[in-house]
>>> print(open('query.txt').read())   # compact mmCIF, C-alpha atoms
# COMPACT_ATOMS: atom_id res chain seq x y z
CA MET A 29 5.48 -57.91 4.29
CA LYS A 30 3.80 -60.40 1.99
CA ALA A 31 1.23 -58.91 -0.31
CA ALA A 32 -1.15 -60.55 -2.74
CA VAL A 33 -2.82 -58.67 -5.58
CA ILE A 34 -5.99 -60.17 -7.01
CA VAL A 35 -6.35 -60.07 -10.78
CA PHE A 36 -9.82 -60.14 -12.34
CA PRO A 37 -10.56 -60.12 -16.05
CA GLY A 38 -10.59 -56.38 -16.74
CA SER A 39 -8.32 -55.34 -13.86
CA ASN A 40 -5.89 -52.73 -15.17
CA CYS A 41 -4.18 -51.33 -12.07
CA ASP A 42 -3.01 -54.70 -10.74
CA ARG A 43 0.58 -54.28 -11.89
CA ASP A 44 0.71 -50.65 -10.75
CA LEU A 45 -0.38 -51.77 -7.29
CA ALA A 46 2.19 -54.58 -7.27
CA VAL A 47 4.94 -52.11 -8.23
CA ALA A 48 3.88 -49.75 -5.43
CA PHE A 49 3.94 -52.60 -2.89
CA GLU A 50 7.34 -53.75 -4.16
CA ALA A 51 8.75 -50.22 -4.03
CA ALA A 52 7.83 -50.18 -0.34
CA GLY A 53 9.70 -53.45 0.12
CA ALA A 54 6.93 -56.05 -0.03
CA ASP A 55 7.04 -59.50 -1.62
CA VAL A 56 4.12 -59.56 -4.02
CA GLN A 57 2.24 -62.44 -5.54
CA MET A 58 -0.46 -62.02 -8.15
CA VAL A 59 -3.56 -64.16 -7.57
CA TRP A 60 -6.02 -65.07 -10.32
CA HIS A 61 -9.73 -64.60 -9.54
CA LYS A 62 -10.48 -68.28 -10.14
CA ASP A 63 -7.96 -69.37 -7.51
CA THR A 64 -9.66 -70.51 -4.37
CA ASP A 65 -6.85 -69.81 -1.92
CA LEU A 66 -4.71 -66.81 -1.08
CA PRO A 67 -0.96 -67.42 -0.65
CA ARG A 68 -0.12 -68.72 2.83
CA ASP A 69 0.86 -66.15 5.46
CA VAL A 70 -0.19 -63.23 3.29
CA ASP A 71 -0.18 -59.98 5.29
CA ILE A 72 -2.24 -57.81 2.99
CA VAL A 73 -4.48 -58.37 0.00
CA GLY A 74 -4.73 -55.70 -2.69
CA VAL A 75 -7.90 -55.47 -4.74
CA PRO A 76 -6.90 -53.36 -7.73
CA GLY A 77 -8.62 -50.83 -9.93
CA GLY A 78 -9.91 -51.46 -13.40
CA PHE A 79 -13.11 -52.68 -14.96
CA SER A 80 -13.56 -56.19 -13.65
CA PHE A 81 -15.98 -58.15 -15.83
CA GLY A 82 -16.57 -55.03 -17.91
CA ASP A 83 -18.51 -53.38 -15.07
CA TYR A 84 -21.45 -55.53 -16.21
CA LEU A 85 -24.51 -55.65 -13.94
CA ARG A 86 -22.93 -53.31 -11.35
CA CYS A 87 -19.30 -52.30 -10.89
CA GLY A 88 -17.59 -55.01 -8.88
CA ALA A 89 -20.69 -57.20 -8.51
CA ILE A 90 -19.50 -60.17 -10.54
CA ALA A 91 -15.94 -59.94 -9.21
CA ALA A 92 -17.32 -59.96 -5.66
CA ASN A 93 -18.72 -63.43 -6.35
CA SER A 94 -15.44 -64.82 -7.76
CA PRO A 95 -13.96 -67.88 -6.02
CA ILE A 96 -11.03 -65.87 -4.64
CA CYS A 97 -13.41 -63.50 -2.87
CA ASN A 98 -14.48 -66.27 -0.48
CA SER A 99 -10.85 -66.46 0.64
CA LEU A 100 -10.63 -62.68 0.77
CA LYS A 101 -13.69 -62.60 3.04
CA ALA A 102 -12.22 -65.32 5.26
CA HIS A 103 -8.94 -63.35 5.39
CA THR A 104 -10.63 -60.12 6.49
CA ASP A 105 -12.92 -62.01 8.90
CA ARG A 106 -9.75 -63.35 10.56
CA GLY A 107 -8.52 -59.77 10.97
CA GLY A 108 -6.30 -59.75 7.88
CA TYR A 109 -5.45 -56.50 6.12
CA ALA A 110 -6.79 -55.51 2.71
CA ILE A 111 -6.84 -52.45 0.49
CA GLY A 112 -9.31 -51.93 -2.33
CA ILE A 113 -8.65 -49.10 -4.75
CA CYS A 114 -11.24 -47.75 -7.20
CA ASN A 115 -12.83 -50.87 -8.71
CA GLY A 116 -11.30 -52.69 -5.73
CA PHE A 117 -13.32 -50.44 -3.38
CA GLN A 118 -16.43 -51.27 -5.41
CA VAL A 119 -15.63 -54.99 -5.03
CA LEU A 120 -15.13 -54.64 -1.25
CA ALA A 121 -18.48 -52.84 -0.98
CA GLU A 122 -20.21 -55.50 -3.09
CA THR A 123 -18.81 -58.28 -0.90
CA GLY A 124 -20.13 -56.50 2.18
CA ILE A 125 -16.62 -56.32 3.68
CA LEU A 126 -17.07 -52.53 3.67
CA PRO A 127 -20.43 -50.79 4.10
CA GLY A 128 -22.21 -48.71 1.48
CA ALA A 129 -22.07 -48.69 -2.30
CA LEU A 130 -20.59 -46.66 -5.15
CA LEU A 131 -23.15 -45.01 -7.42
CA ARG A 132 -22.77 -43.35 -10.81
CA ASN A 133 -20.99 -39.97 -10.49
CA ALA A 134 -23.51 -37.20 -9.85
CA GLY A 135 -22.35 -35.39 -13.02
CA LEU A 136 -22.67 -38.65 -15.01
CA LYS A 137 -19.21 -38.18 -16.49
CA TYR A 138 -16.16 -40.38 -16.15
CA ILE A 139 -13.62 -38.23 -14.28
CA CYS A 140 -9.86 -38.65 -14.65
CA LYS A 141 -7.83 -36.01 -12.82
CA THR A 142 -5.74 -35.37 -9.75
CA VAL A 143 -7.77 -34.24 -6.75
CA GLY A 144 -7.05 -32.95 -3.27
CA LEU A 145 -7.72 -35.41 -0.45
CA LYS A 146 -7.87 -34.47 3.19
CA VAL A 147 -6.46 -37.10 5.51
CA GLU A 148 -9.18 -37.35 8.16
CA THR A 149 -7.42 -39.78 10.45
CA SER A 150 -3.88 -41.01 10.89
CA ASP A 151 -5.15 -43.80 13.16
CA SER A 152 -4.68 -46.72 10.77
CA ALA A 153 -1.86 -48.81 9.37
CA PHE A 154 -2.54 -47.10 6.04
CA THR A 155 -2.39 -43.48 7.16
CA GLN A 156 -0.01 -43.36 10.11
CA GLY A 157 2.57 -41.78 7.77
CA TYR A 158 0.32 -38.74 7.34
CA ASN A 159 -0.99 -36.23 9.83
CA ALA A 160 -4.72 -35.79 10.25
CA GLY A 161 -5.59 -32.65 8.33
CA ASP A 162 -2.90 -33.11 5.68
CA VAL A 163 -4.08 -32.46 2.13
CA ILE A 164 -2.52 -34.78 -0.43
CA ASN A 165 -2.87 -34.89 -4.21
CA ILE A 166 -3.95 -38.24 -5.65
CA PRO A 167 -5.47 -39.08 -9.06
CA ILE A 168 -9.00 -40.34 -9.50
CA ALA A 169 -10.25 -42.18 -12.59
CA HIS A 170 -13.81 -43.43 -12.22
CA HIS A 171 -17.37 -43.29 -13.48
CA ASP A 172 -18.99 -44.76 -10.39
CA GLY A 173 -17.31 -43.25 -7.37
CA ASN A 174 -20.25 -41.55 -5.73
CA TYR A 175 -20.19 -43.09 -2.26
CA TYR A 176 -23.59 -43.80 -0.80
CA ALA A 177 -24.67 -45.23 2.52
CA ASP A 178 -27.76 -44.55 4.60
CA ASP A 179 -27.77 -41.89 7.32
CA ALA A 180 -27.16 -44.35 10.15
CA THR A 181 -24.16 -45.87 8.37
CA ILE A 182 -22.63 -42.46 7.61
CA ALA A 183 -23.13 -41.41 11.25
CA GLY A 184 -21.49 -44.66 12.39
CA LEU A 185 -18.49 -44.07 10.13
CA GLN A 186 -18.14 -40.56 11.49
CA ASP A 187 -18.54 -41.59 15.14
CA GLN A 188 -15.97 -44.37 14.80
CA ASP A 189 -13.44 -42.18 12.93
CA ARG A 190 -13.60 -44.54 9.95
CA ILE A 191 -13.79 -41.92 7.21
CA VAL A 192 -10.14 -41.87 6.24
CA PHE A 193 -10.02 -39.56 3.21
CA THR A 194 -12.42 -36.83 2.06
CA TYR A 195 -12.36 -34.81 -1.14
CA THR A 196 -11.42 -31.16 -0.70
CA ASP A 197 -13.64 -30.41 -3.74
CA ASN A 198 -16.19 -33.22 -4.12
CA PRO A 199 -15.98 -34.36 -7.76
CA ASN A 200 -18.64 -37.09 -7.81
CA GLY A 201 -21.41 -36.34 -5.32
CA ALA A 202 -20.14 -38.73 -2.64
CA ARG A 203 -22.01 -38.39 0.64
CA ALA A 204 -20.04 -36.47 3.28
CA ASP A 205 -17.30 -35.95 0.61
CA ILE A 206 -16.15 -39.51 1.33
CA ALA A 207 -13.22 -40.74 -0.76
CA GLY A 208 -12.14 -43.65 1.46
CA ILE A 209 -13.33 -45.59 4.51
CA LEU A 210 -12.02 -48.15 6.96
CA SER A 211 -13.57 -51.35 8.24
CA GLU A 212 -14.63 -51.49 11.88
CA ASN A 213 -11.30 -53.07 12.89
CA ARG A 214 -9.45 -50.42 10.79
CA ARG A 215 -7.62 -53.11 8.82
CA VAL A 216 -9.51 -52.85 5.53
CA LEU A 217 -9.32 -49.64 3.49
CA GLY A 218 -11.47 -48.88 0.48
CA MET A 219 -10.79 -45.72 -1.51
CA MET A 220 -11.71 -44.41 -4.95
CA PRO A 221 -8.49 -42.38 -5.56
CA HIS A 222 -5.36 -44.19 -6.76
CA PRO A 223 -2.38 -43.88 -4.35
CA GLU A 224 -0.47 -46.39 -6.51
CA ARG A 225 -0.56 -43.81 -9.32
CA ALA A 226 1.18 -41.24 -7.10
CA ALA A 227 4.00 -43.43 -5.83
CA ASP A 228 6.88 -42.64 -8.19
CA ALA A 229 8.48 -39.36 -9.27
CA GLY A 230 7.64 -40.34 -12.85
CA HIS A 231 3.95 -40.27 -11.95
CA GLY A 232 4.12 -36.52 -11.40
CA GLY A 233 3.43 -36.88 -7.69
CA THR A 234 4.48 -39.07 -4.80
CA ASP A 235 1.84 -38.30 -2.18
CA GLY A 236 0.71 -41.95 -2.23
CA THR A 237 4.12 -43.30 -1.24
CA ALA A 238 3.57 -42.67 2.47
CA LEU A 239 0.57 -45.02 2.46
CA PHE A 240 2.60 -47.98 1.19
CA ARG A 241 5.58 -47.16 3.42
CA ALA A 242 3.33 -46.93 6.46
CA LEU A 243 1.84 -50.32 5.65
CA MET A 244 5.31 -51.78 5.36
CA GLY A 245 6.21 -50.30 8.72
CA ALA A 246 3.09 -51.74 10.32
CA LEU A 247 3.18 -55.18 8.72
CA ALA A 248 6.88 -55.98 8.26
CA PRO A 249 8.11 -58.62 10.73
CA ALA A 250 9.69 -56.87 13.68
CA MET B 291 -40.17 -70.96 -17.27
CA LYS B 292 -39.42 -67.29 -17.62
CA ALA B 293 -38.87 -64.82 -14.84
CA ARG B 294 -38.53 -61.10 -15.12
CA VAL B 295 -36.66 -59.22 -12.41
CA HIS B 296 -37.10 -55.46 -12.03
CA VAL B 297 -34.28 -53.70 -10.21
CA MET B 298 -34.70 -50.07 -9.12
CA LEU B 299 -32.66 -47.73 -6.96
CA LYS B 300 -34.38 -47.41 -3.59
CA ASN B 301 -36.42 -44.34 -2.82
CA GLY B 302 -34.13 -41.75 -1.31
CA VAL B 303 -31.09 -42.86 -3.31
CA LEU B 304 -30.30 -40.11 -5.81
CA ASP B 305 -30.57 -41.36 -9.40
CA PRO B 306 -28.28 -39.13 -11.51
CA GLN B 307 -29.21 -40.96 -14.72
CA GLY B 308 -32.92 -40.54 -14.10
CA GLU B 309 -32.32 -36.85 -13.39
CA ALA B 310 -30.43 -36.47 -16.68
CA VAL B 311 -33.31 -38.10 -18.54
CA ARG B 312 -35.77 -35.76 -16.83
CA HIS B 313 -33.73 -32.73 -17.91
CA ALA B 314 -33.50 -34.07 -21.47
CA LEU B 315 -37.27 -34.55 -21.61
CA GLY B 316 -37.75 -30.99 -20.39
CA ALA B 317 -35.35 -29.70 -23.05
CA LEU B 318 -37.42 -31.52 -25.69
CA GLY B 319 -40.51 -29.66 -24.56
CA PHE B 320 -42.14 -32.45 -22.56
CA ASP B 321 -43.38 -30.35 -19.68
CA GLY B 322 -44.80 -31.77 -16.51
CA VAL B 323 -42.34 -34.61 -15.94
CA ASN B 324 -41.84 -34.30 -12.19
CA GLY B 325 -39.42 -37.16 -11.80
CA VAL B 326 -37.68 -39.97 -13.65
CA ARG B 327 -36.23 -43.07 -12.07
CA GLN B 328 -34.21 -45.42 -14.22
CA GLY B 329 -33.85 -49.10 -13.40
CA LYS B 330 -33.18 -52.33 -15.19
CA VAL B 331 -35.10 -55.41 -16.25
CA ILE B 332 -33.39 -58.79 -16.21
CA GLU B 333 -35.10 -61.68 -18.01
CA LEU B 334 -34.25 -65.19 -16.90
CA ASP B 335 -34.96 -68.34 -18.86
CA LEU B 336 -35.19 -70.99 -16.16
CA ALA B 337 -35.27 -74.78 -16.13
CA ASP B 338 -38.59 -76.37 -15.21
CA GLY B 339 -39.12 -76.64 -11.49
CA ALA B 340 -37.45 -73.35 -10.60
CA THR B 341 -39.35 -71.47 -7.91
CA GLU B 342 -39.83 -67.87 -6.97
CA ALA B 343 -37.63 -68.57 -3.96
CA ASP B 344 -34.80 -69.52 -6.33
CA VAL B 345 -35.14 -66.22 -8.16
CA THR B 346 -35.28 -64.31 -4.89
CA ALA B 347 -32.04 -65.98 -3.84
CA MET B 348 -30.46 -64.91 -7.14
CA CYS B 349 -31.57 -61.33 -6.52
CA GLU B 350 -30.19 -61.28 -2.99
CA LYS B 351 -26.88 -62.83 -4.01
CA LEU B 352 -26.14 -61.08 -7.28
CA LEU B 353 -28.84 -59.41 -9.34
CA ALA B 354 -29.56 -56.55 -6.93
CA ASN B 355 -27.41 -54.74 -4.38
CA THR B 356 -29.89 -54.35 -1.56
CA VAL B 357 -27.84 -51.55 0.00
CA ILE B 358 -29.03 -49.27 -2.80
CA GLU B 359 -31.54 -51.24 -4.87
CA SER B 360 -34.92 -52.87 -4.47
CA TYR B 361 -36.20 -55.61 -6.73
CA SER B 362 -39.40 -57.35 -7.70
CA VAL B 363 -39.90 -60.69 -9.43
CA GLU B 364 -42.51 -61.49 -12.07
CA LEU B 365 -42.94 -65.16 -13.03
CA GLY B 366 -44.44 -66.60 -16.18
>>> encode(input="query.txt", output="structure tokens")
Amino acid sequence: MKAAVIVFPGSNCDRDLAVAFEAAGADVQMVWHKDTDLPRDVDIVGVPGGFSFGDYLRCGAIAANSPICNSLKAHTDRGGYAIGICNGFQVLAETGILPGALLRNAGLKYICKTVGLKVETSDSAFTQGYNAGDVINIPIAHHDGNYYADDATIAGLQDQDRIVFTYTDNPNGARADIAGILSENRRVLGMMPHPERAADAGHGGTDGTALFRALMGALAPA
Amino acid sequence: MKARVHVMLKNGVLDPQGEAVRHALGALGFDGVNGVRQGKVIELDLADGATEADVTAMCEKLLANTVIESYSVELG
């Protein structure tokens, strides 16, 4: 599996994500936001967490208009895989690759803690290593993780089984307790929690490992 | 030419910051504040010849996220 991790000014989970991909057996290349092209034959693009462009204007808004994001959009339009975590989810929402937006947390506070996530569907390359209904423990660290979409969009996500993770105890006011969603073709995942921070025994939890291993299983050459 | 862009969360989108301001006003004794919505104002200093359509394009592309925000443009 060939993975690319995009690095924006202010990204701070890019190396963590690369390490998690590598631990699952992927070849990883880092890609600078001013690059115009993704590496050839890349299987999955990681959009990491952090504070791209200082969260100025809106979280992820300036990053979403970086040169590399044109290639990212072309990659996902072709049916390529991508995962956006935390700020990466905000970037994917700002590009329009995923629906909805991430608002300021309802309690207005930045929240950094491990939360319970319910796996709502195992029908994706990201979650086939879990069982629907599993509750896993994954850290969150965000100020703007309050998922919002209009009623029709939420209903569509529900009807198409695209809500992939929900919070067991909603920390941020997200509609329908949404922590992560899939694109229509189920190949793009955006999630606020950080599976790459629960992928090594030294992290204090390894519930995120199954996500990266499942991806490797789905995307490694047969 | 100057343009001033007002960006507000759409009606129906909960504004936690506006709510916090409303509570703070109430705590200070300002009764009768039924609602507060907080937005932002972006001032643009534009080259001569720029049109309202240019500013609208900027809003659609970057300055506002029309999933959650509405905007209005004031020229001059």
>>> closest_residue(input="query.txt", among="B:Val326, B:Glu342, B:Ala337, B:Gly308", to="chain A", atoms="all atoms listed in the file")
B:Gly308
>>> residues_near_point(input="query.txt", point="(-36.8, -42.2, -2.7)", cutoff="12 Å", atoms="only C-alpha atoms", output="PyMOL selection string")
(chain A and resi 178) or (chain B and resi 298-305+325-327+358-360)
>>> atom_distance(input="query.txt", atom1="CA of Pro167 (chain A)", atom2="CA of Gly88 (chain A)")
20.0 Å
>>> closest_residue(input="query.txt", among="A:Leu126, A:Ala134, A:Cys97, A:Ala110", to="chain B", atoms="all atoms listed in the file")
A:Ala134
>>> atom_distance(input="query.txt", atom1="CA of Gly78 (chain A)", atom2="CA of Phe36 (chain A)")
8.7 Å
>>> closest_atom_pairs(input="query.txt", of="chain B", to="chain A", cutoff="8 Å", atoms="all atoms listed in the file", output="CSV")
residue,atom,partner,partner_atom,distance
B:Val303,CA,A:Tyr176,CA,8.0
B:Pro306,CA,A:Ala134,CA,5.4
B:Gln307,CA,A:Leu136,CA,6.9
B:Leu352,CA,A:Ala89,CA,6.8
B:Leu353,CA,A:Leu85,CA,7.4
B:Asn355,CA,A:Glu122,CA,7.4
B:Val357,CA,A:Gly128,CA,6.5
B:Ile358,CA,A:Ala129,CA,7.0
>>> residues_around(input="query.txt", residues="Thr341 (chain B)", least_positions_apart="4", cutoff="9 Å", atoms="only C-alpha atoms", output="list in words")
Val345, Thr346 and Leu365 of chain B
>>> atom_distance(input="query.txt", atom1="CA of Asn174 (chain A)", atom2="CA of Ala204 (chain A)")
10.3 Å
>>> closest_residue(input="query.txt", among="B:Glu364, B:Gly322, B:Arg312, B:Val295", to="Glu350 (chain B)", atoms="only C-alpha atoms")
B:Val295
>>> residues_around(input="query.txt", residues="Ala207 (chain A)", least_positions_apart="3", cutoff="10 Å", atoms="all atoms listed in the file", output="short mmCIF file (atom, residue, chain, number, x, y, z; two decimals) with C-alpha atoms, in the coordinates of the input")
data_model
loop_
_atom_site.label_atom_id
_atom_site.label_comp_id
_atom_site.auth_asym_id
_atom_site.auth_seq_id
_atom_site.Cartn_x
_atom_site.Cartn_y
_atom_site.Cartn_z
CA CYS A 114 -11.24 -47.75 -7.20
CA LEU A 145 -7.72 -35.41 -0.45
CA LYS A 146 -7.87 -34.47 3.19
CA VAL A 147 -6.46 -37.10 5.51
CA ILE A 168 -9.00 -40.34 -9.50
CA GLY A 173 -17.31 -43.25 -7.37
CA ASN A 174 -20.25 -41.55 -5.73
CA TYR A 175 -20.19 -43.09 -2.26
CA ILE A 191 -13.79 -41.92 7.21
CA VAL A 192 -10.14 -41.87 6.24
CA PHE A 193 -10.02 -39.56 3.21
CA THR A 194 -12.42 -36.83 2.06
CA TYR A 195 -12.36 -34.81 -1.14
CA THR A 196 -11.42 -31.16 -0.70
CA ASN A 198 -16.19 -33.22 -4.12
CA PRO A 199 -15.98 -34.36 -7.76
CA ASN A 200 -18.64 -37.09 -7.81
CA ALA A 202 -20.14 -38.73 -2.64
CA ARG A 203 -22.01 -38.39 0.64
CA ALA A 204 -20.04 -36.47 3.28
CA GLY A 218 -11.47 -48.88 0.48
CA MET A 219 -10.79 -45.72 -1.51
CA MET A 220 -11.71 -44.41 -4.95
CA PRO A 221 -8.49 -42.38 -5.56
#
>>> residues_near_point(input="query.txt", point="(2.4, -63.7, 0.0)", cutoff="7 Å", atoms="all atoms listed in the file", output="mmCIF file with C-alpha atoms, in the frame of the given file")
data_model
loop_
_atom_site.group_PDB
_atom_site.id
_atom_site.type_symbol
_atom_site.label_atom_id
_atom_site.label_comp_id
_atom_site.auth_asym_id
_atom_site.auth_seq_id
_atom_site.Cartn_x
_atom_site.Cartn_y
_atom_site.Cartn_z
ATOM 1 C CA LYS A 30 3.800 -60.400 1.990
ATOM 2 C CA ALA A 31 1.230 -58.910 -0.310
ATOM 3 C CA ALA A 32 -1.150 -60.550 -2.740
ATOM 4 C CA ASP A 55 7.040 -59.500 -1.620
ATOM 5 C CA VAL A 56 4.120 -59.560 -4.020
ATOM 6 C CA GLN A 57 2.240 -62.440 -5.540
ATOM 7 C CA PRO A 67 -0.960 -67.420 -0.650
ATOM 8 C CA ARG A 68 -0.120 -68.720 2.830
ATOM 9 C CA ASP A 69 0.860 -66.150 5.460
ATOM 10 C CA VAL A 70 -0.190 -63.230 3.290
ATOM 11 C CA ASP A 71 -0.180 -59.980 5.290
#
>>> residues_around(input="query.txt", residues="Val216 (chain A)", least_positions_apart="4", cutoff="12 Å", atoms="all atoms listed in the file", output="ChimeraX atom specification")
/A:71-75,100-101,103-113,116-117,120-121,124-127,152-155,190-192,208-212,243
>>> closest_residue(input="query.txt", among="A:Gly184, A:Asp44, A:His171, A:Leu217", to="Lys137 (chain A)", atoms="all atoms listed in the file")
A:His171
>>> closest_residue(input="query.txt", among="A:Thr149, A:Ser94, A:Ser80, A:Asn165", to="Thr237 (chain A)", atoms="all atoms listed in the file")
A:Asn165
>>> decode(input="query.txt", residues="region 86-98 of chain A", atoms="N, CA and C atoms", output="PDB file, in the first residue's frame")
ATOM      1  N   ARG A  86     -11.407  30.117   8.700  1.00  0.00           N
ATOM      2  CA  ARG A  86     -12.163  28.981   9.256  1.00  0.00           C
ATOM      3  C   ARG A  86     -11.195  27.808   9.257  1.00  0.00           C
ATOM      4  N   CYS A  87     -11.375  26.875  10.189  1.00  0.00           N
ATOM      5  CA  CYS A  87     -10.465  25.727  10.246  1.00  0.00           C
ATOM      6  C   CYS A  87     -10.472  24.999   8.896  1.00  0.00           C
ATOM      7  N   GLY A  88      -9.319  24.851   8.310  1.00  0.00           N
ATOM      8  CA  GLY A  88      -9.204  24.073   7.080  1.00  0.00           C
ATOM      9  C   GLY A  88      -9.498  24.835   5.806  1.00  0.00           C
ATOM     10  N   ALA A  89     -10.000  26.078   5.923  1.00  0.00           N
ATOM     11  CA  ALA A  89     -10.466  26.789   4.718  1.00  0.00           C
ATOM     12  C   ALA A  89      -9.319  27.153   3.792  1.00  0.00           C
ATOM     13  N   ILE A  90      -8.221  27.614   4.350  1.00  0.00           N
ATOM     14  CA  ILE A  90      -7.111  28.043   3.497  1.00  0.00           C
ATOM     15  C   ILE A  90      -6.381  26.814   2.963  1.00  0.00           C
ATOM     16  N   ALA A  91      -6.221  25.807   3.812  1.00  0.00           N
ATOM     17  CA  ALA A  91      -5.600  24.555   3.355  1.00  0.00           C
ATOM     18  C   ALA A  91      -6.386  23.941   2.202  1.00  0.00           C
ATOM     19  N   ALA A  92      -7.708  24.039   2.275  1.00  0.00           N
ATOM     20  CA  ALA A  92      -8.556  23.422   1.238  1.00  0.00           C
ATOM     21  C   ALA A  92      -8.324  24.053  -0.131  1.00  0.00           C
ATOM     22  N   ASN A  93      -7.750  25.245  -0.145  1.00  0.00           N
ATOM     23  CA  ASN A  93      -7.468  25.918  -1.415  1.00  0.00           C
ATOM     24  C   ASN A  93      -5.984  25.865  -1.781  1.00  0.00           C
ATOM     25  N   SER A  94      -5.226  24.991  -1.097  1.00  0.00           N
ATOM     26  CA  SER A  94      -3.815  24.787  -1.436  1.00  0.00           C
ATOM     27  C   SER A  94      -3.700  24.079  -2.781  1.00  0.00           C
ATOM     28  N   PRO A  95      -2.566  24.271  -3.472  1.00  0.00           N
ATOM     29  CA  PRO A  95      -2.386  23.574  -4.759  1.00  0.00           C
ATOM     30  C   PRO A  95      -2.597  22.064  -4.666  1.00  0.00           C
ATOM     31  N   ILE A  96      -2.088  21.434  -3.595  1.00  0.00           N
ATOM     32  CA  ILE A  96      -2.171  19.970  -3.524  1.00  0.00           C
ATOM     33  C   ILE A  96      -3.623  19.505  -3.444  1.00  0.00           C
ATOM     34  N   CYS A  97      -4.514  20.375  -2.965  1.00  0.00           N
ATOM     35  CA  CYS A  97      -5.894  19.928  -2.797  1.00  0.00           C
ATOM     36  C   CYS A  97      -6.620  19.751  -4.126  1.00  0.00           C
ATOM     37  N   ASN A  98      -6.119  20.396  -5.190  1.00  0.00           N
ATOM     38  CA  ASN A  98      -6.685  20.100  -6.516  1.00  0.00           C
ATOM     39  C   ASN A  98      -6.394  18.647  -6.893  1.00  0.00           C
TER      40      ASN A  98
END
